[in-house]
>>> print(open('my_file.txt').read())   # compact mmCIF, C-alpha atoms and all ligand atoms
# COMPACT_ATOMS: atom_id res chain seq x y z
CA MET A 1 30.28 88.03 -11.38
CA GLN A 2 30.66 88.77 -7.72
CA SER A 3 31.91 86.32 -5.13
CA THR A 4 30.05 86.06 -1.81
CA ILE A 5 31.42 84.82 1.51
CA PRO A 6 28.86 82.18 2.55
CA ARG A 7 27.47 81.74 6.06
CA LEU A 8 28.88 78.21 6.31
CA LYS A 9 31.61 76.15 4.78
CA MET A 10 32.14 72.52 5.50
CA GLU A 11 35.45 71.52 7.08
CA ALA A 12 35.53 68.37 4.92
CA GLY A 13 36.65 69.27 1.41
CA PHE A 14 35.68 67.90 -2.01
CA PHE A 15 38.79 65.69 -2.23
CA ASP A 16 38.27 64.46 1.33
CA ALA A 17 34.83 63.26 0.23
CA LEU A 18 36.39 61.51 -2.78
CA ARG A 19 39.02 59.87 -0.55
CA SER A 20 36.33 58.52 1.74
CA LEU A 21 35.11 56.39 -1.19
CA ILE A 22 38.28 54.28 -1.02
CA PRO A 23 37.24 51.35 1.17
CA PHE A 24 40.19 51.58 3.49
CA PRO A 25 40.44 51.30 6.45
CA SER A 26 37.60 48.80 6.52
CA ASN A 27 37.18 49.26 10.27
CA ALA A 28 36.92 53.08 10.06
CA LYS A 29 34.07 53.29 12.57
CA GLN A 30 36.12 51.48 15.19
CA LYS A 31 39.13 53.70 14.51
CA PHE A 32 37.07 56.89 14.61
CA ARG A 33 35.52 55.84 17.91
CA LYS A 34 38.99 55.14 19.30
CA LEU A 35 40.23 58.57 18.18
CA LEU A 36 37.25 60.24 19.84
CA ALA A 37 37.75 58.18 22.99
CA ASP A 38 41.43 59.15 23.23
CA TYR A 39 40.68 62.80 22.52
CA PHE A 40 37.99 63.03 25.19
CA GLY A 41 39.81 60.69 27.59
CA ILE A 42 36.94 58.24 27.91
CA ASP A 43 36.59 54.53 27.24
CA ASP A 44 35.71 53.77 23.59
CA GLU A 45 33.14 51.22 24.78
CA LYS A 46 31.13 54.19 26.00
CA ILE A 47 30.93 55.84 22.56
CA LEU A 48 28.31 55.00 19.93
CA LEU A 49 28.47 56.44 16.42
CA ILE A 50 25.01 57.35 15.26
CA GLY A 51 23.09 58.81 12.29
CA SER A 52 22.78 62.41 13.52
CA GLY A 53 22.87 64.62 16.60
CA ARG A 54 19.08 64.77 16.81
CA GLN A 55 18.89 60.97 16.56
CA ALA A 56 21.39 60.67 19.42
CA LEU A 57 19.19 62.90 21.59
CA TYR A 58 16.01 61.09 20.56
CA PHE A 59 17.42 57.66 21.42
CA LEU A 60 18.72 58.88 24.77
CA PHE A 61 15.31 60.35 25.64
CA LYS A 62 13.24 57.48 24.26
CA SER A 63 15.11 54.83 26.21
CA LEU A 64 14.31 56.52 29.54
CA PRO A 65 10.51 56.12 29.75
CA ASP A 66 10.41 56.77 33.50
CA TYR A 67 11.81 60.29 33.00
CA GLU A 68 8.77 62.31 31.92
CA THR A 69 10.22 65.76 31.45
CA VAL A 70 13.14 67.19 29.49
CA ILE A 71 14.43 70.61 30.53
CA MET A 72 16.42 72.61 28.00
CA PRO A 73 17.56 76.17 27.24
CA ALA A 74 14.92 78.49 25.78
CA PHE A 75 17.41 79.51 23.10
CA THR A 76 18.96 76.68 21.12
CA CYS A 77 18.48 74.59 18.01
CA ARG A 78 14.85 73.60 17.42
CA LEU A 79 15.96 70.01 16.77
CA VAL A 80 16.71 69.54 20.48
CA GLY A 81 13.01 70.21 21.13
CA ASP A 82 11.93 68.01 18.23
CA ALA A 83 13.90 65.06 19.62
CA ALA A 84 12.26 65.43 23.04
CA TYR A 85 8.71 65.84 21.70
CA MET A 86 9.26 62.93 19.34
CA ALA A 87 10.29 60.76 22.28
CA GLY A 88 6.98 61.69 23.94
CA LYS A 89 8.44 63.91 26.65
CA LYS A 90 7.03 66.98 28.33
CA VAL A 91 9.39 69.86 27.61
CA LYS A 92 10.28 72.74 29.94
CA PHE A 93 12.39 75.69 28.93
CA VAL A 94 14.74 77.80 31.01
CA ASP A 95 15.93 81.24 29.91
CA VAL A 96 19.51 81.84 28.84
CA SER A 97 22.14 84.41 29.73
CA LEU A 98 23.02 87.31 27.44
CA ASP A 99 26.67 86.68 28.33
CA ASP A 100 26.99 83.16 26.97
CA TYR A 101 23.55 82.34 25.44
CA ASN A 102 23.39 79.28 27.70
CA LEU A 103 20.98 78.06 30.34
CA VAL A 104 21.14 80.10 33.59
CA PRO A 105 21.74 77.80 36.62
CA GLU A 106 19.78 80.04 39.04
CA LEU A 107 16.72 79.91 36.77
CA LEU A 108 17.09 76.16 36.37
CA GLU A 109 17.05 75.83 40.14
CA LYS A 110 13.69 77.63 40.16
CA ARG A 111 12.09 75.65 37.34
CA ILE A 112 13.58 72.21 37.80
CA VAL A 113 11.26 69.22 38.14
CA LYS A 114 12.49 66.27 40.21
CA HIS A 115 13.59 63.17 38.30
CA SER A 116 13.81 64.75 34.86
CA ILE A 117 16.44 65.07 32.12
CA VAL A 118 18.34 68.36 31.84
CA VAL A 119 20.08 69.24 28.56
CA VAL A 120 22.80 71.88 28.31
CA THR A 121 23.69 72.92 24.78
CA ASN A 122 26.99 74.84 24.93
CA GLN A 123 25.58 77.21 22.37
CA PHE A 124 27.77 77.86 19.32
CA GLY A 125 30.70 76.33 21.24
CA ILE A 126 30.50 78.62 24.29
CA PRO A 127 30.62 76.42 27.39
CA SER A 128 27.62 76.20 29.72
CA GLN A 129 28.00 76.57 33.46
CA THR A 130 28.00 72.78 33.54
CA ARG A 131 29.59 72.25 36.96
CA GLU A 132 26.88 74.32 38.70
CA ILE A 133 24.16 72.69 36.60
CA LYS A 134 25.44 69.21 37.43
CA ARG A 135 25.24 70.03 41.14
CA ILE A 136 21.62 71.15 40.70
CA CYS A 137 20.82 67.97 38.75
CA GLU A 138 22.30 65.77 41.46
CA LYS A 139 20.32 67.60 44.14
CA HIS A 140 17.04 67.00 42.29
CA ASP A 141 17.71 63.44 41.07
CA CYS A 142 17.94 64.58 37.44
CA LEU A 143 20.13 63.24 34.65
CA LEU A 144 22.38 65.66 32.78
CA ILE A 145 22.92 65.38 29.01
CA GLU A 146 25.59 67.59 27.48
CA ASP A 147 24.71 68.51 23.93
CA MET A 148 28.08 69.35 22.37
CA ALA A 149 26.80 69.33 18.79
CA GLU A 150 28.23 72.83 18.41
CA ALA A 151 31.06 72.55 20.89
CA PHE A 152 33.54 69.93 19.74
CA GLY A 153 36.79 70.61 21.60
CA THR A 154 35.38 73.27 23.94
CA GLU A 155 36.78 73.04 27.46
CA ILE A 156 35.77 74.14 30.94
CA GLY A 157 38.79 74.69 33.18
CA GLY A 158 40.90 72.37 30.99
CA LYS A 159 38.30 69.55 30.98
CA LYS A 160 36.46 68.78 27.76
CA VAL A 161 32.78 69.54 27.39
CA GLY A 162 31.08 66.16 26.96
CA THR A 163 32.83 64.55 29.91
CA PHE A 164 30.78 66.11 32.74
CA GLY A 165 27.25 64.80 32.17
CA ASP A 166 25.64 61.38 32.52
CA ALA A 167 25.64 61.33 28.74
CA ALA A 168 26.68 63.63 25.90
CA ILE A 169 25.93 63.93 22.20
CA LEU A 170 27.90 65.10 19.17
CA SER A 171 26.87 66.13 15.68
CA PHE A 172 28.99 65.81 12.53
CA SER A 173 26.67 67.76 10.25
CA VAL A 174 27.90 70.28 7.68
CA SER A 175 28.48 73.30 9.92
CA LYS A 176 30.27 71.46 12.69
CA THR A 177 33.94 71.47 13.69
CA ILE A 178 34.25 67.84 12.58
CA SER A 179 31.89 67.35 9.66
CA THR A 180 31.06 64.13 7.83
CA ALA A 181 27.99 65.52 5.97
CA ARG A 182 25.75 63.94 8.59
CA GLY A 183 26.30 61.93 11.71
CA GLY A 184 26.63 62.09 15.44
CA ALA A 185 27.73 60.24 18.53
CA ILE A 186 26.47 59.32 21.97
CA PHE A 187 28.82 59.30 24.95
CA LEU A 188 27.51 57.21 27.83
CA ASN A 189 29.64 58.55 30.66
CA ASN A 190 27.30 56.99 33.21
CA PRO A 191 25.81 54.02 31.33
CA LYS A 192 23.66 52.75 34.20
CA PRO A 193 20.36 54.60 33.51
CA TRP A 194 20.44 53.45 29.86
CA SER A 195 21.68 49.94 30.55
CA GLY A 196 19.79 47.32 28.48
CA LYS A 197 17.36 49.99 27.19
CA LEU A 198 19.26 52.15 24.72
CA GLU A 199 20.42 49.20 22.65
CA LYS A 200 16.86 47.89 22.37
CA VAL A 201 15.50 51.21 21.10
CA ILE A 202 18.36 51.60 18.63
CA ASN A 203 17.96 48.05 17.31
CA ALA A 204 14.23 48.55 16.86
CA GLU A 205 14.40 51.93 15.12
CA MET A 206 17.69 52.32 13.25
CA ASN A 207 18.13 51.06 9.68
CA PRO A 208 21.15 48.94 8.80
CA GLU A 209 24.08 50.69 7.15
CA GLY A 210 23.30 50.99 3.44
CA LEU A 211 25.67 51.66 0.56
CA VAL A 212 23.23 53.98 -1.23
CA ARG A 213 22.82 56.10 1.91
CA ALA A 214 26.59 56.18 2.41
CA LEU A 215 27.13 57.34 -1.17
CA LYS A 216 24.43 59.96 -0.73
CA HIS A 217 26.21 61.45 2.30
CA CYS A 218 29.51 61.41 0.46
CA PHE A 219 27.84 63.11 -2.52
CA THR A 220 26.38 65.75 -0.12
CA ALA A 221 29.87 66.49 1.17
CA GLY A 222 31.18 66.86 -2.38
CA THR A 223 28.36 69.05 -3.68
CA TYR A 224 28.26 71.19 -0.54
CA ASN A 225 31.80 72.30 -1.31
CA PHE A 226 30.84 73.21 -4.86
CA PHE A 227 27.75 75.14 -3.71
CA ALA A 228 29.81 77.04 -1.11
CA ASN A 229 32.14 78.37 -3.80
CA GLY A 230 31.74 82.18 -3.56
CA ILE A 231 30.62 82.72 -7.15
CA VAL A 232 28.21 79.77 -7.29
CA TYR A 233 26.88 80.61 -3.83
CA GLY A 234 26.36 84.34 -4.31
CA ASN A 235 24.93 84.24 -7.83
CA ILE A 236 22.91 81.02 -7.84
CA ILE A 237 22.50 79.15 -4.55
CA LEU A 238 21.66 81.97 -2.13
CA PRO A 239 19.19 83.85 -4.41
CA LEU A 240 17.44 80.56 -5.27
CA TRP A 241 17.40 79.47 -1.64
CA ILE A 242 15.92 82.76 -0.43
CA ARG A 243 13.32 82.81 -3.20
CA ARG A 244 12.25 79.27 -2.38
CA HIS A 245 12.45 79.21 1.43
CA GLY A 246 12.49 82.87 2.45
CA LEU A 247 15.14 84.43 4.63
CA TYR A 248 14.26 82.53 7.77
CA THR A 249 14.36 78.97 6.50
CA ASP A 250 13.95 77.43 9.94
CA LYS A 251 10.86 79.03 11.44
CA GLY A 252 11.36 77.22 14.73
CA ILE A 253 8.24 75.11 14.30
CA TYR A 254 8.50 71.73 16.00
CA THR A 255 7.87 68.57 14.06
CA THR A 256 7.48 65.00 15.26
CA LYS A 257 7.56 63.58 11.76
CA LYS A 258 10.44 61.12 11.65
CA ASN A 259 12.75 61.38 8.65
CA SER A 260 15.99 59.64 7.67
CA PHE A 261 17.96 61.77 10.19
CA TYR A 262 16.27 59.65 12.85
CA THR A 263 16.62 56.25 11.18
CA ASP A 264 19.92 56.31 9.25
CA ASN A 265 22.89 54.45 10.60
CA TYR A 266 26.37 55.95 10.62
CA THR A 267 28.39 54.41 7.78
CA GLN A 268 32.01 53.30 7.36
CA MET A 269 32.31 55.84 4.54
CA GLN A 270 31.30 58.71 6.85
CA ALA A 271 33.73 57.44 9.49
CA ARG A 272 36.51 57.50 6.89
CA LEU A 273 35.66 61.12 6.22
CA GLY A 274 35.68 61.67 9.99
CA LEU A 275 39.20 60.21 10.24
CA ILE A 276 40.43 62.54 7.48
CA VAL A 277 38.93 65.69 9.04
CA PHE A 278 40.00 64.64 12.53
CA SER A 279 43.65 64.54 11.38
CA ARG A 280 43.35 68.35 10.94
CA LEU A 281 41.53 68.96 14.21
CA ASP A 282 44.30 70.94 15.93
CA SER A 283 44.62 73.38 13.05
CA ILE A 284 40.83 73.68 12.72
CA ILE A 285 40.51 74.58 16.39
CA LYS A 286 43.45 77.01 16.35
CA ARG A 287 42.16 78.74 13.23
CA ARG A 288 38.62 79.11 14.55
CA GLN A 289 39.91 80.44 17.86
CA SER A 290 42.17 82.94 16.17
CA ILE A 291 39.37 84.23 13.88
CA ALA A 292 37.06 84.56 16.92
CA LYS A 293 39.70 86.54 18.81
CA ARG A 294 40.16 88.89 15.86
CA TYR A 295 36.42 89.55 15.57
CA ILE A 296 36.22 90.31 19.29
CA ARG A 297 39.31 92.52 19.27
CA GLU A 298 38.33 94.51 16.20
CA LEU A 299 34.56 94.70 16.44
CA SER A 300 33.51 94.51 20.08
CA GLY A 301 33.85 98.29 20.48
CA ILE A 302 30.94 98.89 18.09
CA LYS A 303 27.90 99.92 20.10
CA THR A 304 25.30 98.51 17.74
CA LEU A 305 26.76 95.01 18.05
CA GLY A 306 26.51 92.61 20.98
CA PHE A 307 29.13 89.92 21.58
CA PRO A 308 29.10 86.89 23.85
CA LYS A 309 31.76 86.58 26.55
CA LEU A 310 34.10 83.91 25.31
CA SER A 311 36.18 81.95 27.79
CA GLU A 312 39.65 80.67 26.78
CA GLY A 313 38.28 77.16 26.20
CA SER A 314 35.59 78.10 23.67
CA VAL A 315 35.80 76.46 20.24
CA LEU A 316 33.09 78.03 18.13
CA SER A 317 31.07 76.34 15.43
CA ARG A 318 29.42 79.67 14.62
CA PHE A 319 30.28 83.20 15.67
CA PRO A 320 27.13 84.94 16.95
CA ILE A 321 26.61 88.72 16.93
CA LEU A 322 23.54 90.54 18.22
CA ILE A 323 22.30 93.54 16.25
CA ARG A 324 21.20 96.11 18.80
CA ASN A 325 18.61 98.84 18.17
CA GLU A 326 18.06 97.83 14.59
CA ASN A 327 16.11 95.33 12.55
CA LYS A 328 18.58 92.54 11.83
CA THR A 329 17.17 91.86 8.37
CA GLU A 330 18.18 95.38 7.31
CA PHE A 331 21.64 94.85 8.73
CA TYR A 332 21.79 91.51 6.92
CA PHE A 333 20.98 93.05 3.54
CA ARG A 334 23.53 95.83 3.98
CA ALA A 335 26.18 93.17 4.65
CA LEU A 336 24.94 91.18 1.66
CA GLN A 337 25.48 94.23 -0.54
CA LYS A 338 29.11 93.82 0.45
CA ASN A 339 28.91 90.14 -0.49
CA ILE A 340 28.90 88.71 3.01
CA ASP A 341 26.11 86.35 4.09
CA LEU A 342 25.53 86.72 7.85
CA GLY A 343 22.33 84.70 8.17
CA PHE A 344 20.41 82.97 9.85
CA THR A 345 20.70 80.80 12.91
CA PHE A 346 17.87 79.99 15.28
CA SER A 347 15.88 83.18 14.78
CA TYR A 348 13.35 82.10 17.38
CA SER A 349 13.05 81.32 21.05
CA MET A 350 12.21 77.71 21.86
CA SER A 351 9.41 78.64 24.25
CA ARG A 352 7.92 81.70 22.49
CA ASP A 353 7.49 82.99 26.02
CA LYS A 354 8.55 86.64 26.09
CA LYS A 355 7.59 87.05 29.71
CA ASN A 356 9.51 84.14 31.19
CA ASP A 357 12.33 83.89 28.67
CA PRO A 358 13.05 87.46 27.55
CA ASN A 359 16.73 86.84 26.77
CA ALA A 360 15.98 83.88 24.51
CA GLU A 361 13.41 86.01 22.71
CA PHE A 362 15.85 88.90 22.29
CA ILE A 363 18.69 86.70 21.02
CA GLY A 364 16.40 84.91 18.57
CA GLN A 365 15.24 88.21 17.14
CA GLN A 366 18.59 89.96 16.92
CA ILE A 367 21.13 87.25 16.13
CA LEU A 368 23.30 87.02 13.01
CA ASN A 369 26.56 85.13 12.46
CA LEU A 370 30.01 86.08 11.25
CA PRO A 371 31.75 83.45 9.10
CA ILE A 372 34.19 81.28 11.07
CA THR A 373 35.69 78.30 9.27
CA THR A 374 39.21 77.33 8.31
CA LYS A 375 38.12 77.85 4.70
CA ILE A 376 38.04 81.63 5.09
CA SER A 377 41.36 83.32 4.33
CA ASP A 378 43.07 86.09 6.32
CA ALA A 379 42.22 88.55 3.53
CA GLU A 380 38.56 87.54 3.79
CA VAL A 381 38.57 87.95 7.57
CA ASP A 382 40.07 91.45 7.09
CA TYR A 383 37.37 92.19 4.55
CA VAL A 384 34.58 90.98 6.87
CA ILE A 385 35.91 93.16 9.70
CA LYS A 386 36.22 96.25 7.53
CA SER A 387 32.78 95.69 5.99
CA ILE A 388 31.00 95.07 9.30
CA LYS A 389 32.42 98.37 10.60
CA GLU A 390 30.94 100.14 7.59
CA VAL A 391 27.62 98.25 7.77
CA ALA A 392 27.26 99.11 11.47
CA LYS A 393 27.82 102.80 10.69
CA GLY A 394 25.24 102.72 7.92
CA ALA A 395 22.35 102.05 10.28
CA ASP A 396 20.56 105.18 9.04
CA LYS A 397 20.69 104.14 5.38
CA PRO A 398 17.87 101.91 4.16
CA PRO A 399 19.09 98.69 2.56
CA GLN A 400 18.57 98.02 -1.09
CA LEU A 401 16.73 94.70 -1.51
CA LEU A 402 18.82 92.48 -3.71
CA PHE A 403 16.43 89.69 -4.67
C1 LIG B 501 22.66 72.30 19.83
C2 LIG B 501 22.31 71.30 18.78
N1 LIG B 501 21.89 70.08 19.13
C3 LIG B 501 21.56 69.15 18.21
C4 LIG B 501 21.65 69.41 16.87
C5 LIG B 501 21.25 68.37 15.88
O1 LIG B 501 22.35 67.85 15.17
P1 LIG B 501 22.11 67.12 13.77
O2 LIG B 501 21.93 68.15 12.73
O3 LIG B 501 23.36 66.31 13.58
O4 LIG B 501 20.92 66.26 13.92
C6 LIG B 501 22.09 70.67 16.45
C7 LIG B 501 22.20 70.97 15.01
O5 LIG B 501 22.80 71.86 14.54
C8 LIG B 501 22.43 71.64 17.42
O6 LIG B 501 22.83 72.86 17.07
>>> encode(input="my_file.txt", output="structure tokens", more="lines below")
Ligand SMILES: Cc1ncc(COP(=O)(O)O)c(C=O)c1O
Amino acid sequence: MQSTIPRLKMEAGFFDALRSLIPFPSNAKQKFRKLLADYFGIDDEKILLIGSGRQALYFLFKSLPDYETVIMPAFTCRLVGDAAYMAGKKVKFVDVSLDDYNLVPELLEKRIVKHSIVVVTNQFGIPSQTREIKRICEKHDCLLIEDMAEAFGTEIGGKKVGTFGDAAILSFSVSKTISTARGGAIFLNNPKPWSGKLEKVINAEMNPEGLVRALKHCFTAGTYNFFANGIVYGNIILPLWIRRHGLYTDKGIYTTKKNSFYTDNYTQMQARLGLIVFSRLDSIIKRRQSIAKRYIRELSGIKTLGFPKLSEGSVLSRFPILIRNENKTEFYFRALQKNIDLGFTFSYSMSRDKKNDPNAEFIGQQILNLPITTKISDAEVDYVIKSIKEVAKGADKPPQLLF
């Protein structure tokens, strides 16, 4: 039986999930908020723990009815679009840069609509040009929301992403730097626009914390670790998943159907898991940064691969590579023959507008991801590097379909 390196591994482990069942501390949510507040250097009163990252965005949008339009990058997670459409907003997209996969300030300046909400997404943990974008927002009376779902700990000039905008959101879902199975947070850096409104929307739409839900999230964290075991993953989970959902599970199709991600509350049990993972934050960040540096150092000379420009302050949740001059699915299967799963993140552009957003289109078509979690050993990183060099050379050989 072969062991496969999976695309994702959760930073919370099986025993962490078990520990979170012990009902201590009873005020875990308060403690987790305080830790986040201290880490980001903001007042804990300004932080709300919430059911998911998409819910955080949805509530922020929904409680600003006089802002009609949300402007966002044309390449990002489809859920950012879902949250805006669900809140009844008009959505405008702005193309991204091939250097950092983030919204281009000069293009924003051209497409901005007065009195709207601008979202920057710090894609994969690479910082946006937030200072420039904030200036543009101020000039046009727009609010800036920093989506740092994928960028926990990322900094711009020594200042943390999430502390620049009027508001910011976090996600604690499985692939994130701090994972508690599900969950998210809202930072209200400038509470005024949401004053008296956000609370009302949340009270009307969010379910109370329930024990069954809490146990379900804890169970997810436990089982996720089992499923991500190389042997289970490569021989059972991945083949079944691909057979059932196809390669491109997320087709980038928007939905406004509300599910439990939009109504669940964040539970004490999840916060306890958050406290446990947070205690390892420094080592998680250092490890992810060191793996990213190795990939860049060892692989960026390969012509068929495209790499983002990473600034010193980037903390990546995923490591993106672009496959140039080749169908990425073929590249994917050649890597899978070497037992490495490189798929599949946001294989779409948000706007489907090749003419106006060519970079988003290109990235969506050509992107794959190298594994980057603390759960991957040095030997596995060496193996990934060696294998990717071989896979990139084998561009002329047709892949053998495995499933
Ligand atoms: C940029 C971005 N924003 C928002 C979200 C939504 O977060 P969640 O899955 O916690 O709802 C994601 C999810 O991965 C994301 O990548």
>>> residues_near_ligand(input="my_file.txt", ligand="ligand LIG 501 (chain B)", cutoff="10 Å", atoms="all atoms listed in the file", output="PyMOL selection string")
chain A and resi 50-58+73+75-83+119-125+146-151+169-176+179-185+261-262+317-318+345-346
>>> residues_around(input="my_file.txt", residues="Leu36 of chain A", least_positions_apart="5", cutoff="9 Å", atoms="only C-alpha atoms", output="ChimeraX atom specification")
/A:31,41-42,44,47,278
>>> residues_around(input="my_file.txt", residues="Ile5 of chain A", least_positions_apart="6", cutoff="8 Å", atoms="all atoms listed in the file", output="PyMOL selection string")
chain A and resi 230+234+339-341+371+380
>>> atom_distance(input="my_file.txt", atom1="atom CA of Ala74 of chain A", atom2="atom CA of Met350 of chain A")
4.8 Å
>>> atom_distance(input="my_file.txt", atom1="atom CA of Arg287 of chain A", atom2="atom CA of Thr373 of chain A")
7.6 Å
>>> closest_residue(input="my_file.txt", among="A:Val70, A:Leu368, A:Ile202, A:Leu281", to="Ile145 of chain A", atoms="all atoms listed in the file")
A:Val70
>>> atom_distance(input="my_file.txt", atom1="atom CA of Lys309 of chain A", atom2="atom CA of Asp99 of chain A")
5.4 Å
>>> closest_residue(input="my_file.txt", among="A:Leu8, A:Ala221, A:Leu60, A:Ile296", to="Glu199 of chain A", atoms="all atoms listed in the file")
A:Leu60
>>> residues_around(input="my_file.txt", residues="Lys355 of chain A", least_positions_apart="4", cutoff="12 Å", atoms="only C-alpha atoms", output="ChimeraX atom specification")
/A:74,94-95,349,351,359-362
>>> residues_around(input="my_file.txt", residues="Thr130 of chain A", least_positions_apart="3", cutoff="9 Å", atoms="all atoms listed in the file", output="list in words")
Pro105, Val120, Asn122, Pro127, Ile133, Lys134, Arg135, Glu146, Ile156, Val161, Phe164 and Gly165 of chain A
>>> closest_residue(input="my_file.txt", among="A:Lys338, A:Lys160, A:Lys375, A:Lys92", to="Gly313 of chain A", atoms="only C-alpha atoms")
A:Lys160
>>> residues_around(input="my_file.txt", residues="Ile117 of chain A", least_positions_apart="3", cutoff="8 Å", atoms="all atoms listed in the file", output="mmCIF file with C-alpha atoms, keeping the file's coordinate frame")
data_model
loop_
_atom_site.group_PDB
_atom_site.id
_atom_site.type_symbol
_atom_site.label_atom_id
_atom_site.label_comp_id
_atom_site.auth_asym_id
_atom_site.auth_seq_id
_atom_site.Cartn_x
_atom_site.Cartn_y
_atom_site.Cartn_z
ATOM 1 C CA TYR A 67 11.810 60.290 33.000
ATOM 2 C CA THR A 69 10.220 65.760 31.450
ATOM 3 C CA VAL A 70 13.140 67.190 29.490
ATOM 4 C CA ILE A 71 14.430 70.610 30.530
ATOM 5 C CA CYS A 142 17.940 64.580 37.440
ATOM 6 C CA LEU A 143 20.130 63.240 34.650
ATOM 7 C CA LEU A 144 22.380 65.660 32.780
ATOM 8 C CA ILE A 145 22.920 65.380 29.010
#
>>> closest_residue(input="my_file.txt", among="A:Ile112, A:Leu64, A:Arg294, A:Lys200", to="Val381 of chain A", atoms="all atoms listed in the file")
A:Arg294
>>> closest_residue(input="my_file.txt", among="A:Lys110, A:Arg352, A:Lys62, A:Arg7", to="Ala87 of chain A", atoms="only C-alpha atoms")
A:Lys62
